[in-house]
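Colleague: The structure under discussion is supplied below as structure tokens; questions concerning it will follow.
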Amino acid sequence: MTKRASGAHATVLVSLGWTPFFDDQISDTSGKLEPARVLSISRQSFETQSATLRQSVKMRDVPQLAEIPTPGDWLLCDATTHKPVKVLNRKNVLQRRRSGQERGAQTMLANFERIFLVVSANQNFNESRLERGMVLAAQSGVEATIVLTKIDRCSDLTLFRYRLEQIPYLPQVHEVDARDARSCQALVSLLRPGETTALLGSSGVGKSTLINTLIGESRQATQTIRDQDGKGRHTTTRRMLIQLPFGAMMVDNPGVRELGVVGGKNAVAQVFRDITEFASRCRFSNCEHGREPDCAIQRALQQGDLTQRRFSNYVKLLYESRHQ
């Protein structure tokens with residue numbers, strides 16, 4: 001229950017993800033303000049939901065906001081005009097490096113409890129991309145779950161299970177047919193009313209199909225993948241918070257082929273802690289793991305305790321995190 005809402009209004013806010021973390025940011029003398037959550041955003045506007053009103057707000061009408069809101073943000077709005085006046089502090093964020101010439105950070109989502117890293121059992125499966133997602137999840141500080149989709153179309157599921165098992169410290173894995181509600185029941189048990197889960201994965205892995213199944217209706221547009229390489233076409237074009245029938249919130253992020261790491265050196269070390277452990281055994285503390293004598297990394301590669309693919313991905317992600 002918020003300091004300014006009670007009864008039915010407080011229940012609505014809690015169902016949207018309101019917690020004491022945000023309640024503590026409201027002063028008893030802050031005036032007639034009401035909380036509203038940002039559901040979606042476009043270039044010119046964003047959509048919010050309060051306990052009583054769902055509205056679209058044009059960016060040009062809120063120059064007083066210190067920063068551009070992102071999906072998942074909580075705002076304080078004037079209770080009379082409903083105009084947003086402040087963005088509350090975020091408890092966490094999901095960020096990636098901007099693509100193209102812009103190398104700054106792009107905030108994809110704020111204030112969430114879990115990430116589903118969605119991968120598909122077909123040609124689009126990629127261990128290095130999955131490790132990138134694990135780094136982003138670790139950086140945000142929330143629990144990650146691997147969702148392996150398209151198992152109904154896979155002729156050799158044991159192959160993909162084996163490839164997943166080769167990734168050290170892998171989070172919990174759920175195998176699903178995203179079109180079958182019964183197949184998705186294990187995921188439903190992880191989703192709690194009022195909590196927000198982000199779906200993260202490349203185009204075509206079945207994120208929108210999964211949301212449609214959990215909703216019980218075809219609300220999110222879907223497209224077929226390309227048969228020749230298993231790659232998907234961009235279907236979701238903007239991030240949007242969707243409330244499922246049982247109360248949990250879910251965000252369908254547009255498929256991104258490159259999840260660039262932003263300042264995630266510690267997160268890289270956490271996800272690749274097998275490599276950091278090997279590195280701690282090198283003779284020299286500044287070993288570059290090339291031709292230096294008694295390099296534990298090179299020894300692990302030669303003995304098959306570490307794959308070249310994983311080590312190369314670690315080096316690439318560490319480089320990105322240090323040069324952001």
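Chain labels follow the order of the structure tokens: the first chain is A, the next B, and so on; residue numbering restarts at 1 in every chain, and ligands are counted from 1 in their shown order.
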As an NGL selection string, please: the residues near Leu33 (chain A) (cut-off 7 Å, only C-alpha atoms, same-chain neighbours under 4 positions excluded).
Modeller: :A and (76-79)
Colleague: Would you pick out the contacts of Asn313 (chain A) at 10 Å or less, using only C-alpha atoms, so that residues sharing its chain but fewer than 6 positions from it are not included, and give the list as a PyMOL selection string?
Modeller: chain A and resi 127-129+131-132+272+319
Colleague: Quick one: pick out all strand (DSSP E) residues within region 119-319 of chain A from a backbone DSSP run and write them as a list in words.
Modeller: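 Those in region 119-319 of chain A that DSSP calls strand (DSSP E) are Val119, Ser120, Glu143, Ala144, Thr145, Ile146, Val147, Leu148, Thr149, Val173, His174, Glu175, Thr196, Thr197, Ala198, Leu199, Leu200, Leu241, Ile242, Gln243, Met249, Met250, Val251 and Asp252 of chain A.
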Colleague: Taking C-alpha atoms for each residue, export the selection above as a short mmCIF file (atom, residue, chain, number, x, y, z; two decimals), in the first residue's frame.
Modeller:
```
data_model
loop_
_atom_site.label_atom_id
_atom_site.label_comp_id
_atom_site.auth_asym_id
_atom_site.auth_seq_id
_atom_site.Cartn_x
_atom_site.Cartn_y
_atom_site.Cartn_z
CA VAL A 119 16.83 -19.60 -27.45
CA SER A 120 15.48 -21.97 -30.09
CA GLU A 143 17.74 -14.20 -11.85
CA ALA A 144 17.99 -15.58 -15.37
CA THR A 145 16.14 -18.60 -16.74
CA ILE A 146 16.93 -20.27 -20.07
CA VAL A 147 13.88 -21.04 -22.22
CA LEU A 148 14.57 -23.48 -25.06
CA THR A 149 11.76 -23.15 -27.61
CA VAL A 173 16.65 -24.50 -18.37
CA HIS A 174 13.01 -25.05 -19.41
CA GLU A 175 12.17 -26.74 -22.70
CA THR A 196 7.98 -8.20 -14.12
CA THR A 197 9.83 -10.61 -16.38
CA ALA A 198 11.81 -9.57 -19.46
CA LEU A 199 12.02 -11.79 -22.53
CA LEU A 200 15.41 -11.52 -24.19
CA LEU A 241 4.73 -4.26 -20.54
CA ILE A 242 1.90 -6.77 -20.81
CA GLN A 243 -0.07 -8.01 -17.81
CA MET A 249 3.95 -8.56 -15.99
CA MET A 250 5.99 -9.52 -19.06
CA VAL A 251 8.00 -7.47 -21.55
CA ASP A 252 8.45 -8.57 -25.15
#
```
Colleague: Give me the residues near region 80-92 of chain A as a count of residues only, where near means some atom within 10 Å (using only C-alpha atoms) and where sequence neighbours in that chain fewer than 3 positions away do not count.
Modeller: 44
Colleague: Could you tell me how far CA of Gln166 (chain A) lies from CA of Val135 (chain A), in Å and to one decimal?
Modeller: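 Result for CA of Gln166 (chain A) versus CA of Val135 (chain A): 16.8 Å, one decimal.
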Colleague: At a cut-off of 9 Å, using only C-alpha atoms, what residues contact Leu210 (chain A)? Leave out same-chain residues fewer than 5 positions from it and give the result as a PDB file with N, CA, C and O atoms, in the first residue's frame.
Modeller:
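Everything below was put into out-v6.pdb:
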```
ATOM      1  N   THR A 149      13.021 -23.034 -26.882  1.00  0.00           N
ATOM      2  CA  THR A 149      11.764 -23.149 -27.614  1.00  0.00           C
ATOM      3  C   THR A 149      11.910 -24.025 -28.862  1.00  0.00           C
ATOM      4  O   THR A 149      13.002 -24.476 -29.188  1.00  0.00           O
ATOM      5  N   ASP A 177       7.328 -25.973 -26.004  1.00  0.00           N
ATOM      6  CA  ASP A 177       6.682 -25.661 -27.272  1.00  0.00           C
ATOM      7  C   ASP A 177       5.882 -24.393 -26.988  1.00  0.00           C
ATOM      8  O   ASP A 177       4.867 -24.448 -26.288  1.00  0.00           O
ATOM      9  N   ALA A 178       6.351 -23.261 -27.484  1.00  0.00           N
ATOM     10  CA  ALA A 178       5.769 -21.968 -27.125  1.00  0.00           C
ATOM     11  C   ALA A 178       4.310 -21.842 -27.542  1.00  0.00           C
ATOM     12  O   ALA A 178       3.603 -20.953 -27.069  1.00  0.00           O
ATOM     13  N   ARG A 179       3.824 -22.735 -28.398  1.00  0.00           N
ATOM     14  CA  ARG A 179       2.427 -22.671 -28.841  1.00  0.00           C
ATOM     15  C   ARG A 179       1.506 -23.501 -27.961  1.00  0.00           C
ATOM     16  O   ARG A 179       0.282 -23.437 -28.113  1.00  0.00           O
ATOM     17  N   ASP A 180       2.065 -24.278 -27.048  1.00  0.00           N
ATOM     18  CA  ASP A 180       1.294 -25.229 -26.244  1.00  0.00           C
ATOM     19  C   ASP A 180       1.258 -24.763 -24.787  1.00  0.00           C
ATOM     20  O   ASP A 180       2.291 -24.724 -24.112  1.00  0.00           O
ATOM     21  N   ALA A 181       0.081 -24.410 -24.302  1.00  0.00           N
ATOM     22  CA  ALA A 181      -0.062 -23.899 -22.935  1.00  0.00           C
ATOM     23  C   ALA A 181       0.389 -24.920 -21.901  1.00  0.00           C
ATOM     24  O   ALA A 181       0.996 -24.558 -20.878  1.00  0.00           O
ATOM     25  N   CYS A 184       4.059 -24.898 -21.349  1.00  0.00           N
ATOM     26  CA  CYS A 184       4.573 -23.684 -20.714  1.00  0.00           C
ATOM     27  C   CYS A 184       4.226 -23.579 -19.233  1.00  0.00           C
ATOM     28  O   CYS A 184       4.547 -22.562 -18.592  1.00  0.00           O
ATOM     29  N   ILE A 215      -0.918 -15.398 -22.457  1.00  0.00           N
ATOM     30  CA  ILE A 215      -2.106 -14.537 -22.384  1.00  0.00           C
ATOM     31  C   ILE A 215      -3.369 -15.330 -22.658  1.00  0.00           C
ATOM     32  O   ILE A 215      -4.419 -15.118 -22.058  1.00  0.00           O
TER      33      ILE A 215
END
```
Colleague: State, in Å with one decimal place, the distance from CA of Ser189 (chain A) to CA of Gly204 (chain A).
Modeller: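 Going from CA of Ser189 (chain A) over to CA of Gly204 (chain A), I get 24.4 Å.
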Colleague: When distances are computed from only C-alpha atoms, which of A:Met59, A:Val315, A:Met108, A:Leu170 shows the smallest separation from Leu130 (chain A)?
Modeller: A:Leu170
Colleague: Region 287-299 of chain A: which residues within 12 Å, counting only C-alpha atoms, same-chain residues fewer than 3 positions away excluded, as JSON, numbers by chain?
Modeller: {"A": [274, 275, 276, 277, 278, 279, 280, 281, 282, 283, 284, 302, 303, 304, 305, 306, 307, 308, 310, 311, 312, 314, 315]}
